[in-house]
$ cat data-v9.pdb   # PDB, C-alpha atoms
ATOM      1  CA  MET C   1     -59.978 212.057 -82.055
ATOM      2  CA  SER C   2     -57.507 209.502 -80.697
ATOM      3  CA  GLU C   3     -54.006 210.380 -79.581
ATOM      4  CA  ALA C   4     -52.596 208.365 -82.497
ATOM      5  CA  GLU C   5     -54.617 210.451 -84.967
ATOM      6  CA  ALA C   6     -53.553 213.679 -83.264
ATOM      7  CA  ILE C   7     -49.909 212.595 -83.542
ATOM      8  CA  GLU C   8     -50.240 211.828 -87.258
ATOM      9  CA  ARG C   9     -51.923 215.178 -87.953
ATOM     10  CA  ALA C  10     -49.394 217.057 -85.832
ATOM     11  CA  LYS C  11     -46.670 215.458 -87.954
ATOM     12  CA  ASP C  12     -48.294 217.241 -90.931
ATOM     13  CA  GLY C  13     -48.061 220.563 -89.077
ATOM     14  CA  ASP C  14     -51.599 220.692 -87.714
ATOM     15  CA  GLY C  15     -51.349 223.148 -84.842
ATOM     16  CA  GLY C  16     -54.771 222.293 -83.456
ATOM     17  CA  CYS C  17     -53.783 218.653 -83.021
ATOM     18  CA  PHE C  18     -50.484 219.692 -81.514
ATOM     19  CA  GLU C  19     -52.386 221.804 -79.006
ATOM     20  CA  ALA C  20     -54.477 218.748 -78.142
ATOM     21  CA  LEU C  21     -51.277 216.786 -77.493
ATOM     22  CA  TYR C  22     -50.015 219.643 -75.352
ATOM     23  CA  SER C  23     -53.201 219.556 -73.274
ATOM     24  CA  LEU C  24     -52.875 215.810 -72.772
ATOM     25  CA  HIS C  25     -49.244 215.847 -71.656
ATOM     26  CA  LYS C  26     -48.566 219.306 -70.210
ATOM     27  CA  ARG C  27     -49.039 218.313 -66.546
ATOM     28  CA  ARG C  28     -46.652 215.415 -66.685
ATOM     29  CA  VAL C  29     -43.958 217.369 -68.526
ATOM     30  CA  TYR C  30     -44.334 220.453 -66.334
ATOM     31  CA  SER C  31     -44.313 218.399 -63.129
ATOM     32  CA  LEU C  32     -41.124 216.687 -64.238
ATOM     33  CA  CYS C  33     -39.456 220.028 -65.060
ATOM     34  CA  LEU C  34     -40.565 221.593 -61.782
ATOM     35  CA  ARG C  35     -39.450 218.671 -59.647
ATOM     36  CA  MET C  36     -36.089 218.483 -61.380
ATOM     37  CA  THR C  37     -35.326 222.197 -61.175
ATOM     38  CA  GLY C  38     -37.285 223.238 -58.074
ATOM     39  CA  ASN C  39     -38.036 226.560 -59.785
ATOM     40  CA  THR C  40     -41.371 227.593 -61.322
ATOM     41  CA  ALA C  41     -40.018 230.051 -63.906
ATOM     42  CA  GLU C  42     -37.346 227.622 -65.098
ATOM     43  CA  ALA C  43     -39.884 224.800 -65.209
ATOM     44  CA  GLU C  44     -42.196 226.857 -67.413
ATOM     45  CA  ASP C  45     -39.374 227.795 -69.779
ATOM     46  CA  LEU C  46     -38.272 224.169 -69.983
ATOM     47  CA  THR C  47     -41.810 222.924 -70.572
ATOM     48  CA  GLN C  48     -42.061 225.395 -73.424
ATOM     49  CA  GLU C  49     -38.730 224.260 -74.843
ATOM     50  CA  ALA C  50     -39.682 220.584 -74.534
ATOM     51  CA  PHE C  51     -42.896 221.093 -76.515
ATOM     52  CA  LEU C  52     -41.138 223.225 -79.125
ATOM     53  CA  GLN C  53     -38.644 220.412 -79.592
ATOM     54  CA  LEU C  54     -41.527 217.976 -79.719
ATOM     55  CA  TYR C  55     -43.112 219.929 -82.557
ATOM     56  CA  ARG C  56     -39.857 219.994 -84.493
ATOM     57  CA  LYS C  57     -39.129 216.305 -83.910
ATOM     58  CA  ILE C  58     -42.553 214.724 -83.915
ATOM     59  CA  ALA C  59     -42.099 213.520 -87.499
ATOM     60  CA  THR C  60     -39.319 211.247 -86.245
ATOM     61  CA  PHE C  61     -41.659 209.485 -83.799
ATOM     62  CA  ARG C  62     -42.082 205.974 -85.195
ATOM     63  CA  GLY C  63     -44.189 204.465 -82.447
ATOM     64  CA  GLU C  64     -41.464 202.102 -81.246
ATOM     65  CA  SER C  65     -42.293 203.122 -77.683
ATOM     66  CA  ALA C  66     -45.388 204.776 -76.223
ATOM     67  CA  PHE C  67     -45.678 208.418 -77.230
ATOM     68  CA  SER C  68     -45.735 209.514 -73.583
ATOM     69  CA  THR C  69     -42.500 207.600 -72.909
ATOM     70  CA  TRP C  70     -40.841 209.153 -75.949
ATOM     71  CA  LEU C  71     -41.997 212.674 -75.024
ATOM     72  CA  HIS C  72     -40.966 212.197 -71.440
ATOM     73  CA  ARG C  73     -37.464 211.152 -72.412
ATOM     74  CA  LEU C  74     -37.246 214.192 -74.685
ATOM     75  CA  ALA C  75     -38.290 216.421 -71.767
ATOM     76  CA  VAL C  76     -35.729 214.837 -69.424
ATOM     77  CA  ASN C  77     -33.020 215.517 -71.998
ATOM     78  CA  VAL C  78     -34.129 219.161 -72.295
ATOM     79  CA  VAL C  79     -33.885 219.592 -68.519
ATOM     80  CA  LEU C  80     -30.522 217.844 -68.260
ATOM     81  CA  MET C  81     -29.112 219.919 -71.119
ATOM     82  CA  HIS C  82     -30.286 223.074 -69.347
ATOM     83  CA  LEU C  83     -28.739 221.988 -66.047
ATOM     84  CA  ARG C  84     -25.436 221.170 -67.756
ATOM     85  CA  LYS C  85     -25.396 224.633 -69.344
ATOM     86  CA  LYS C  86     -25.999 226.145 -65.904
ATOM     87  CA  GLY C  87     -23.088 224.108 -64.619
ATOM     88  CA  LEU C  88     -25.004 222.663 -61.736
ATOM     89  CA  PRO C  89     -23.380 219.680 -60.068
ATOM     90  CA  GLU C  90     -25.080 216.530 -61.192
ATOM     91  CA  VAL C  91     -23.289 213.388 -60.144
ATOM     92  CA  SER C  92     -19.684 213.396 -59.106
ATOM     93  CA  LEU C  93     -17.801 210.811 -61.115
ATOM     94  CA  GLN C  94     -15.675 210.145 -58.061
ATOM     95  CA  GLU C  95     -18.688 208.966 -56.105
ATOM     96  CA  THR C  96     -18.701 205.342 -55.147
ATOM     97  CA  LEU C  97     -21.045 203.146 -53.218
ATOM     98  CA  GLU C  98     -18.664 203.161 -50.263
ATOM     99  CA  PRO C  99     -20.421 205.013 -47.476
ATOM    100  CA  THR C 100     -18.627 207.870 -45.799
ATOM    101  CA  GLU C 101     -19.118 209.060 -42.235
ATOM    102  CA  GLU C 102     -21.304 211.783 -43.639
ATOM    103  CA  ASP C 103     -23.615 209.351 -45.401
ATOM    104  CA  GLY C 104     -24.551 207.276 -42.393
ATOM    105  CA  PRO C 105     -27.549 207.866 -40.200
ATOM    106  CA  LYS C 106     -26.197 210.852 -38.314
ATOM    107  CA  LYS C 107     -28.584 211.141 -35.447
ATOM    108  CA  ASP C 108     -30.473 207.965 -35.432
ATOM    109  CA  ILE C 109     -33.848 208.532 -33.948
ATOM    110  CA  GLY C 110     -35.177 205.387 -35.518
ATOM    111  CA  SER C 111     -36.941 203.855 -32.555
ATOM    112  CA  GLN C 112     -40.134 202.081 -33.467
ATOM    113  CA  ASP C 113     -42.534 204.852 -32.428
ATOM    114  CA  GLN C 114     -40.648 207.394 -34.530
ATOM    115  CA  VAL C 115     -40.596 205.737 -37.924
ATOM    116  CA  LEU C 116     -42.015 207.843 -40.726
ATOM    117  CA  ALA C 117     -44.687 205.368 -41.828
ATOM    118  CA  GLY C 118     -48.054 207.058 -42.107
ATOM    119  CA  SER C 119     -46.723 210.530 -41.362
ATOM    120  CA  ILE C 120     -45.778 211.873 -44.812
ATOM    121  CA  ASP C 121     -48.248 213.893 -46.799
ATOM    122  CA  ARG C 122     -47.799 214.911 -50.413
ATOM    123  CA  VAL C 123     -47.112 218.577 -49.654
ATOM    124  CA  ASN C 124     -44.346 217.839 -47.160
ATOM    125  CA  LEU C 125     -42.748 215.286 -49.444
ATOM    126  CA  GLU C 126     -42.809 217.724 -52.393
ATOM    127  CA  ARG C 127     -41.235 220.409 -50.184
ATOM    128  CA  ALA C 128     -38.557 218.060 -48.930
ATOM    129  CA  ILE C 129     -37.715 216.971 -52.486
ATOM    130  CA  GLU C 130     -37.490 220.622 -53.522
ATOM    131  CA  SER C 131     -34.932 221.302 -50.807
ATOM    132  CA  LEU C 132     -32.639 218.420 -51.786
ATOM    133  CA  PRO C 133     -29.278 219.357 -53.325
ATOM    134  CA  PRO C 134     -29.679 219.374 -57.152
ATOM    135  CA  GLY C 135     -27.616 216.241 -57.819
ATOM    136  CA  TYR C 136     -29.612 214.186 -55.324
ATOM    137  CA  ARG C 137     -32.914 215.669 -56.409
ATOM    138  CA  ILE C 138     -32.483 214.861 -60.089
ATOM    139  CA  ILE C 139     -31.716 211.205 -59.496
ATOM    140  CA  PHE C 140     -34.443 210.815 -56.881
ATOM    141  CA  VAL C 141     -37.006 212.330 -59.266
ATOM    142  CA  LEU C 142     -35.871 210.207 -62.202
ATOM    143  CA  HIS C 143     -35.757 206.933 -60.258
ATOM    144  CA  ASP C 144     -38.314 207.054 -57.478
ATOM    145  CA  ILE C 145     -40.929 209.339 -59.036
ATOM    146  CA  GLU C 146     -40.541 208.829 -62.769
ATOM    147  CA  GLY C 147     -39.582 205.177 -62.616
ATOM    148  CA  TYR C 148     -36.374 205.179 -64.670
ATOM    149  CA  GLU C 149     -33.933 202.341 -64.012
ATOM    150  CA  HIS C 150     -30.379 203.028 -62.864
ATOM    151  CA  ASN C 151     -28.920 201.974 -66.227
ATOM    152  CA  GLU C 152     -31.186 204.472 -68.026
ATOM    153  CA  ILE C 153     -30.276 207.240 -65.578
ATOM    154  CA  ALA C 154     -26.575 206.466 -65.932
ATOM    155  CA  GLU C 155     -26.888 206.750 -69.713
ATOM    156  CA  MET C 156     -28.825 210.022 -69.561
ATOM    157  CA  MET C 157     -26.567 211.588 -66.936
ATOM    158  CA  GLY C 158     -23.294 210.253 -68.314
ATOM    159  CA  CYS C 159     -22.347 208.615 -65.011
ATOM    160  CA  SER C 160     -21.917 205.058 -63.779
ATOM    161  CA  ILE C 161     -24.742 202.889 -62.510
ATOM    162  CA  GLY C 162     -22.937 202.847 -59.148
ATOM    163  CA  ASN C 163     -23.038 206.657 -59.031
ATOM    164  CA  SER C 164     -26.739 206.644 -59.708
ATOM    165  CA  LYS C 165     -27.393 204.107 -56.940
ATOM    166  CA  SER C 166     -25.182 205.958 -54.509
ATOM    167  CA  GLN C 167     -26.833 209.325 -55.161
ATOM    168  CA  LEU C 168     -30.291 207.805 -54.862
ATOM    169  CA  HIS C 169     -29.439 206.317 -51.494
ATOM    170  CA  LYS C 170     -28.032 209.612 -50.250
ATOM    171  CA  ALA C 171     -31.121 211.414 -51.516
ATOM    172  CA  ARG C 172     -33.431 209.072 -49.612
ATOM    173  CA  MET C 173     -31.333 209.427 -46.444
ATOM    174  CA  LYS C 174     -31.414 213.212 -46.756
ATOM    175  CA  LEU C 175     -35.161 213.156 -47.333
ATOM    176  CA  ARG C 176     -35.577 211.036 -44.224
ATOM    177  CA  ASP C 177     -33.714 213.646 -42.193
ATOM    178  CA  LEU C 178     -35.747 216.489 -43.701
ATOM    179  CA  LEU C 179     -39.067 214.751 -43.141
ATOM    180  CA  LYS C 180     -38.217 213.922 -39.538
ATOM    181  CA  VAL C 181     -37.314 217.554 -38.887
ATOM    182  CA  THR C 182     -40.618 218.609 -40.471
ATOM    183  CA  ARG C 183     -42.506 216.221 -38.222
ATOM    184  CA  VAL C 184     -40.750 217.465 -35.106
ATOM    185  CA  GLU C 185     -41.515 221.077 -36.089
ATOM    186  CA  ARG C 186     -45.154 220.253 -36.728
ATOM    187  CA  ALA C 187     -45.436 218.530 -33.366
ATOM    188  CA  ALA C 188     -43.803 221.516 -31.634
ATOM    189  CA  SER C 189     -46.177 223.993 -33.280
ATOM    190  CA  LYS C 190     -49.184 222.041 -31.982
ATOM    191  CA  ARG C 191     -48.021 222.294 -28.383
TER     192      ARG C 191
ATOM    193  CA  MET M 192     -29.285 211.106 -28.939
ATOM    194  CA  GLU M 193     -27.493 208.134 -30.467
ATOM    195  CA  THR M 194     -25.134 208.620 -33.329
ATOM    196  CA  GLY M 195     -24.764 206.192 -36.219
ATOM    197  CA  GLN M 196     -21.381 205.097 -34.904
ATOM    198  CA  GLY M 197     -22.649 204.606 -31.370
ATOM    199  CA  THR M 198     -25.542 202.613 -32.671
ATOM    200  CA  ALA M 199     -23.267 200.401 -34.717
ATOM    201  CA  ALA M 200     -21.168 199.566 -31.695
ATOM    202  CA  ALA M 201     -24.151 198.906 -29.523
ATOM    203  CA  HIS M 202     -26.081 196.519 -31.750
ATOM    204  CA  VAL M 203     -24.299 193.291 -32.557
ATOM    205  CA  TYR M 204     -26.361 190.184 -33.008
ATOM    206  CA  SER M 205     -25.541 186.582 -33.561
ATOM    207  CA  SER M 206     -27.258 184.829 -36.453
ATOM    208  CA  GLY M 207     -27.318 181.637 -34.439
ATOM    209  CA  ARG M 208     -24.737 180.137 -36.801
ATOM    210  CA  GLY M 209     -21.793 181.846 -35.190
ATOM    211  CA  LYS M 210     -21.842 184.777 -37.676
ATOM    212  CA  GLN M 211     -22.390 188.267 -36.398
ATOM    213  CA  MET M 212     -23.390 191.461 -38.120
ATOM    214  CA  ASN M 213     -23.414 194.894 -36.565
ATOM    215  CA  CYS M 214     -25.312 197.982 -37.714
ATOM    216  CA  ALA M 215     -22.335 199.456 -39.589
ATOM    217  CA  GLU M 216     -21.935 196.269 -41.605
ATOM    218  CA  PHE M 217     -25.647 196.116 -42.261
ATOM    219  CA  GLN M 218     -25.882 199.752 -43.314
ATOM    220  CA  ARG M 219     -22.949 199.372 -45.715
ATOM    221  CA  ASP M 220     -25.240 197.351 -48.002
ATOM    222  CA  LEU M 221     -28.335 199.412 -47.349
ATOM    223  CA  PRO M 222     -28.994 200.580 -50.951
ATOM    224  CA  LEU M 223     -29.047 196.973 -52.135
ATOM    225  CA  ILE M 224     -31.146 195.829 -49.183
ATOM    226  CA  ILE M 225     -33.740 198.559 -49.788
ATOM    227  CA  ASP M 226     -34.188 197.791 -53.470
ATOM    228  CA  ALA M 227     -33.538 194.084 -53.707
ATOM    229  CA  GLY M 228     -33.907 192.651 -50.210
ATOM    230  CA  GLY M 229     -31.180 191.342 -47.931
ATOM    231  CA  THR M 230     -29.239 188.143 -47.462
ATOM    232  CA  GLU M 231     -30.185 185.699 -44.734
ATOM    233  CA  GLN M 232     -27.638 187.261 -42.415
ATOM    234  CA  GLN M 233     -28.930 190.776 -43.115
ATOM    235  CA  GLU M 234     -32.521 189.670 -42.580
ATOM    236  CA  GLU M 235     -31.460 188.159 -39.262
ATOM    237  CA  HIS M 236     -29.912 191.468 -38.214
ATOM    238  CA  LEU M 237     -33.053 193.287 -39.300
ATOM    239  CA  ARG M 238     -35.285 191.065 -37.188
ATOM    240  CA  ASN M 239     -33.194 191.792 -34.120
ATOM    241  CA  CYS M 240     -32.297 195.459 -34.560
ATOM    242  CA  GLU M 241     -34.982 198.031 -34.004
ATOM    243  CA  VAL M 242     -32.796 200.904 -35.231
ATOM    244  CA  CYS M 243     -31.973 199.323 -38.587
ATOM    245  CA  ARG M 244     -35.547 198.100 -38.954
ATOM    246  CA  GLY M 245     -36.768 201.678 -38.530
ATOM    247  CA  LEU M 246     -34.217 202.926 -41.045
ATOM    248  CA  VAL M 247     -35.161 200.350 -43.692
ATOM    249  CA  SER M 248     -38.838 200.952 -43.053
ATOM    250  CA  ASP M 249     -38.391 204.725 -43.505
ATOM    251  CA  LEU M 250     -36.370 204.453 -46.716
ATOM    252  CA  ARG M 251     -38.812 202.009 -48.279
ATOM    253  CA  TYR M 252     -41.708 204.205 -47.190
ATOM    254  CA  ILE M 253     -40.138 207.282 -48.831
ATOM    255  CA  ALA M 254     -39.613 205.357 -52.086
ATOM    256  CA  GLU M 255     -43.220 204.096 -52.007
ATOM    257  CA  GLN M 256     -44.662 207.545 -51.316
ATOM    258  CA  ALA M 257     -42.604 209.082 -54.124
ATOM    259  CA  LYS M 258     -44.197 206.677 -56.608
ATOM    260  CA  LEU M 259     -47.597 208.033 -55.587
ATOM    261  CA  LEU M 260     -46.735 211.634 -56.476
ATOM    262  CA  ILE M 261     -48.888 212.162 -59.512
ATOM    263  CA  PRO M 262     -48.146 214.875 -62.063
ATOM    264  CA  MET M 263     -50.973 217.168 -61.037
ATOM    265  CA  LEU M 264     -49.144 220.472 -61.413
ATOM    266  CA  GLU M 265     -50.524 222.701 -64.124
ATOM    267  CA  PRO M 266     -48.322 225.095 -66.114
ATOM    268  CA  SER M 267     -49.599 228.649 -66.465
ATOM    269  CA  PRO M 268     -51.358 229.645 -69.735
ATOM    270  CA  ARG M 269     -48.219 231.657 -70.563
ATOM    271  CA  VAL M 270     -46.461 228.430 -71.494
ATOM    272  CA  TRP M 271     -48.815 227.530 -74.336
ATOM    273  CA  GLU M 272     -48.997 231.165 -75.461
ATOM    274  CA  GLY M 273     -45.201 231.211 -75.731
ATOM    275  CA  ILE M 274     -45.140 227.951 -77.694
ATOM    276  CA  GLU M 275     -47.818 229.168 -80.085
ATOM    277  CA  GLU M 276     -46.089 232.473 -80.641
ATOM    278  CA  LYS M 277     -42.719 230.862 -81.380
ATOM    279  CA  LEU M 278     -44.183 228.295 -83.763
ATOM    280  CA  LYS M 279     -46.034 231.010 -85.663
ATOM    281  CA  ARG M 280     -42.953 233.206 -85.785
ATOM    282  CA  GLU M 281     -40.950 230.344 -87.232
ATOM    283  CA  GLY M 282     -43.742 229.607 -89.704
ATOM    284  CA  LEU M 283     -43.937 226.028 -88.519
ATOM    285  CA  VAL M 284     -47.562 225.785 -87.563
ATOM    286  CA  LYS M 285     -50.906 225.902 -89.327
ATOM    287  CA  HIS M 286     -54.553 225.723 -88.200
ATOM    288  CA  VAL M 287     -54.104 226.763 -84.549
ATOM    289  CA  GLN M 288     -56.693 229.497 -84.797
ATOM    290  CA  ALA M 289     -58.932 227.437 -87.078
ATOM    291  CA  ARG M 290     -59.428 224.837 -84.363
ATOM    292  CA  ARG M 291     -60.493 227.468 -81.863
ATOM    293  CA  SER M 292     -62.928 229.296 -84.152
TER     294      SER M 292
END
$ encode --input "data-v9.pdb" --output "structure tokens"
Amino acid sequence: MSEAEAIERAKDGDGGCFEALYSLHKRRVYSLCLRMTGNTAEAEDLTQEAFLQLYRKIATFRGESAFSTWLHRLAVNVVLMHLRKKGLPEVSLQETLEPTEEDGPKKDIGSQDQVLAGSIDRVNLERAIESLPPGYRIIFVLHDIEGYEHNEIAEMMGCSIGNSKSQLHKARMKLRDLLKVTRVERAASKR
Amino acid sequence: METGQGTAAAHVYSSGRGKQMNCAEFQRDLPLIIDAGGTEQQEEHLRNCEVCRGLVSDLRYIAEQAKLLIPMLEPSPRVWEGIEEKLKREGLVKHVQARRS
């Protein structure tokens, strides 16, 4: 059965077809929830909530965008709603693109033999992302991992495009610091 | 170890057209440079400044690596069990068991 057929049958309340849709999309939705929250239990609850909302709303899917895109946007909204309820800082509306002392490269160890290229593995990058402050992490995940544009993020987060760009830049700078520390620690442990 | 400020003061290059850009000026526009590329003057600074070149290289590398993170994480079976239970409780779903049998 094709995905399109499964969607049509799920719209009629067919639980078996809905389960097939769940199996197809569960990894992407769960990965998004986990990366945005950094917490397994929360990510599982949010994945559950996203699919429950999907079941309730699937009849409104008209095929104007790809189903995966539509579902993904629904899941992002579920996570953002949850984070707002928790009162976690997302993006400060006072943020601007003007760099502060704090934002600059603090201890620049950027000589040619110390650039990160070739030294990041998936596990270390995932760990570093997990340890980002929530506001940075959310925008980094949405933009650099999930591929949303700044205007889409600004709309979803209720902030300006400038805020989104600023937070993304700070997130990447912070990740750079974290990954360099990880590399130094790894090198030290080998000695 | 060099600080960002120290670096900025230390690296000032001429573009050859009488214009100069130091690291602080270059790094002010870093988000734009990373995502959209730099102006001629910024590119000139980048060619001559090892510190800024390393910084740009790192930030672009992080963005590239992030795009390669595939959604391979699997939720536990509890997630589907919870969905199924709630849908049944609300009377919204039919045929879930039928498909399995």
$ residues_around --input "data-v9.pdb" --residues "Ser119 of chain C" --least-positions-apart "5" --cutoff "10 Å" --atoms "all atoms listed in the file" --output "list of chain:residue names"
C:Gln114, C:Asn124, C:Leu179, C:Lys180, C:Arg183, M:Tyr252
$ write_last_selection --input "data-v9.pdb" --atoms "C-alpha atoms" --output "PDB file, keeping the file's coordinate frame"
ATOM      1  CA  GLN C 114     -40.648 207.394 -34.530  1.00  0.00           C
ATOM      2  CA  ASN C 124     -44.346 217.839 -47.160  1.00  0.00           C
ATOM      3  CA  LEU C 179     -39.067 214.751 -43.141  1.00  0.00           C
ATOM      4  CA  LYS C 180     -38.217 213.922 -39.538  1.00  0.00           C
ATOM      5  CA  ARG C 183     -42.506 216.221 -38.222  1.00  0.00           C
TER       6      ARG C 183
ATOM      7  CA  TYR M 252     -41.708 204.205 -47.190  1.00  0.00           C
TER       8      TYR M 252
END
$ residues_around --input "data-v9.pdb" --residues "Leu246 of chain M" --least-positions-apart "3" --cutoff "8 Å" --atoms "only C-alpha atoms" --output "number ranges by chain"
C: 110, 115; M: 242-243, 249-250
$ closest_residue --input "data-v9.pdb" --among "M:Glu276, M:Glu216, M:Glu235, M:Glu265" --to "chain C" --atoms "all atoms listed in the file"
M:Glu265
$ atom_distance --input "data-v9.pdb" --atom1 "atom CA of Gly162 of chain C" --atom2 "atom CA of Ala128 of chain C"
24.1 Å
$ atom_distance --input "data-v9.pdb" --atom1 "atom CA of Leu259 of chain M" --atom2 "atom CA of Asp144 of chain C"
9.5 Å
$ residues_around --input "data-v9.pdb" --residues "Pro222 of chain M" --least-positions-apart "4" --cutoff "12 Å" --atoms "only C-alpha atoms" --output "VMD selection string"
(chain C and resid 97 to 99 103 to 104 162 to 173) or (chain M and resid 217 to 218 226 to 229 246 to 247 250 to 251 254)
$ atom_distance --input "data-v9.pdb" --atom1 "atom CA of Arg73 of chain C" --atom2 "atom CA of Leu178 of chain C"
29.3 Å
$ closest_residue --input "data-v9.pdb" --among "C:Leu21, C:Val79, C:Ile120, C:Leu74" --to "Cys33 of chain C" --atoms "all atoms listed in the file"
C:Val79
$ residues_around --input "data-v9.pdb" --residues "Glu42 of chain C" --least-positions-apart "5" --cutoff "10 Å" --atoms "all atoms listed in the file" --output "ChimeraX atom specification"
/C:33-34,36-37,47-48,79,82
$ write_last_selection --input "data-v9.pdb" --atoms "C-alpha atoms" --output "PDB file, in the frame of the given file"
ATOM      1  CA  CYS C  33     -39.456 220.028 -65.060  1.00  0.00           C
ATOM      2  CA  LEU C  34     -40.565 221.593 -61.782  1.00  0.00           C
ATOM      3  CA  MET C  36     -36.089 218.483 -61.380  1.00  0.00           C
ATOM      4  CA  THR C  37     -35.326 222.197 -61.175  1.00  0.00           C
ATOM      5  CA  THR C  47     -41.810 222.924 -70.572  1.00  0.00           C
ATOM      6  CA  GLN C  48     -42.061 225.395 -73.424  1.00  0.00           C
ATOM      7  CA  VAL C  79     -33.885 219.592 -68.519  1.00  0.00           C
ATOM      8  CA  HIS C  82     -30.286 223.074 -69.347  1.00  0.00           C
TER       9      HIS C  82
END
$ closest_residue --input "data-v9.pdb" --among "C:Glu126, C:Ser131, C:Val76, C:Leu83" --to "Tyr148 of chain C" --atoms "all atoms listed in the file"
C:Val76
$ closest_residue --input "data-v9.pdb" --among "M:Pro262, M:Pro268, M:Glu281, M:Gln232" --to "chain C" --atoms "all atoms listed in the file"
M:Pro262
$ closest_residue --input "data-v9.pdb" --among "C:Ala75, C:Ala117, C:Leu52, C:Ala43" --to "Ser248 of chain M" --atoms "only C-alpha atoms"
C:Ala117
$ resolve_selection --input "data-v9.pdb" --expression "the PyMOL selection byres ((chain M and resi 261) around 12)" --output "list in words"
Arg27, Arg28, Val29, Tyr30, Ser31, Leu32, Arg35, Arg122, Val123, Glu126, Val141, Asp144, Ile145 and Glu146 of chain C; Gln256, Ala257, Lys258, Leu259, Leu260, Pro262, Met263, Leu264 and Glu265 of chain M
$ write_last_selection --input "data-v9.pdb" --atoms "C-alpha atoms" --output "PDB file, in the frame of the given file"
ATOM      1  CA  ARG C  27     -49.039 218.313 -66.546  1.00  0.00           C
ATOM      2  CA  ARG C  28     -46.652 215.415 -66.685  1.00  0.00           C
ATOM      3  CA  VAL C  29     -43.958 217.369 -68.526  1.00  0.00           C
ATOM      4  CA  TYR C  30     -44.334 220.453 -66.334  1.00  0.00           C
ATOM      5  CA  SER C  31     -44.313 218.399 -63.129  1.00  0.00           C
ATOM      6  CA  LEU C  32     -41.124 216.687 -64.238  1.00  0.00           C
ATOM      7  CA  ARG C  35     -39.450 218.671 -59.647  1.00  0.00           C
ATOM      8  CA  ARG C 122     -47.799 214.911 -50.413  1.00  0.00           C
ATOM      9  CA  VAL C 123     -47.112 218.577 -49.654  1.00  0.00           C
ATOM     10  CA  GLU C 126     -42.809 217.724 -52.393  1.00  0.00           C
ATOM     11  CA  VAL C 141     -37.006 212.330 -59.266  1.00  0.00           C
ATOM     12  CA  ASP C 144     -38.314 207.054 -57.478  1.00  0.00           C
ATOM     13  CA  ILE C 145     -40.929 209.339 -59.036  1.00  0.00           C
ATOM     14  CA  GLU C 146     -40.541 208.829 -62.769  1.00  0.00           C
TER      15      GLU C 146
ATOM     16  CA  GLN M 256     -44.662 207.545 -51.316  1.00  0.00           C
ATOM     17  CA  ALA M 257     -42.604 209.082 -54.124  1.00  0.00           C
ATOM     18  CA  LYS M 258     -44.197 206.677 -56.608  1.00  0.00           C
ATOM     19  CA  LEU M 259     -47.597 208.033 -55.587  1.00  0.00           C
ATOM     20  CA  LEU M 260     -46.735 211.634 -56.476  1.00  0.00           C
ATOM     21  CA  PRO M 262     -48.146 214.875 -62.063  1.00  0.00           C
ATOM     22  CA  MET M 263     -50.973 217.168 -61.037  1.00  0.00           C
ATOM     23  CA  LEU M 264     -49.144 220.472 -61.413  1.00  0.00           C
ATOM     24  CA  GLU M 265     -50.524 222.701 -64.124  1.00  0.00           C
TER      25      GLU M 265
END
$ closest_residue --input "data-v9.pdb" --among "C:Leu132, C:Leu175, C:Cys159, C:Ala154" --to "chain M" --atoms "all atoms listed in the file"
C:Leu175
$ build_atoms --input "data-v9.pdb" --residues "segment 123-133 of chain C" --atoms "N, CA and C atoms" --output "mmCIF file, keeping the file's coordinate frame"
data_model
loop_
_atom_site.group_PDB
_atom_site.id
_atom_site.type_symbol
_atom_site.label_atom_id
_atom_site.label_comp_id
_atom_site.auth_asym_id
_atom_site.auth_seq_id
_atom_site.Cartn_x
_atom_site.Cartn_y
_atom_site.Cartn_z
ATOM 1 N N VAL C 123 -47.681 217.230 -49.676
ATOM 2 C CA VAL C 123 -47.112 218.577 -49.654
ATOM 3 C C VAL C 123 -45.729 218.573 -48.998
ATOM 4 N N ASN C 124 -45.638 217.878 -47.856
ATOM 5 C CA ASN C 124 -44.346 217.839 -47.160
ATOM 6 C C ASN C 124 -43.293 217.098 -47.964
ATOM 7 N N LEU C 125 -43.711 216.033 -48.633
ATOM 8 C CA LEU C 125 -42.748 215.286 -49.444
ATOM 9 C C LEU C 125 -42.263 216.147 -50.614
ATOM 10 N N GLU C 126 -43.196 216.845 -51.273
ATOM 11 C CA GLU C 126 -42.809 217.724 -52.393
ATOM 12 C C GLU C 126 -41.830 218.802 -51.907
ATOM 13 N N ARG C 127 -42.121 219.364 -50.731
ATOM 14 C CA ARG C 127 -41.235 220.409 -50.184
ATOM 15 C C ARG C 127 -39.851 219.858 -49.876
ATOM 16 N N ALA C 128 -39.844 218.674 -49.290
ATOM 17 C CA ALA C 128 -38.557 218.060 -48.930
ATOM 18 C C ALA C 128 -37.746 217.761 -50.197
ATOM 19 N N ILE C 129 -38.406 217.267 -51.221
ATOM 20 C CA ILE C 129 -37.715 216.971 -52.486
ATOM 21 C C ILE C 129 -37.129 218.267 -53.062
ATOM 22 N N GLU C 130 -37.926 219.322 -52.993
ATOM 23 C CA GLU C 130 -37.490 220.622 -53.522
ATOM 24 C C GLU C 130 -36.232 221.116 -52.814
ATOM 25 N N SER C 131 -36.091 220.774 -51.548
ATOM 26 C CA SER C 131 -34.932 221.302 -50.807
ATOM 27 C C SER C 131 -33.713 220.378 -50.873
ATOM 28 N N LEU C 132 -33.817 219.282 -51.609
ATOM 29 C CA LEU C 132 -32.639 218.420 -51.786
ATOM 30 C C LEU C 132 -31.587 219.135 -52.630
ATOM 31 N N PRO C 133 -30.303 218.831 -52.407
ATOM 32 C CA PRO C 133 -29.278 219.357 -53.325
ATOM 33 C C PRO C 133 -29.580 218.869 -54.745
#
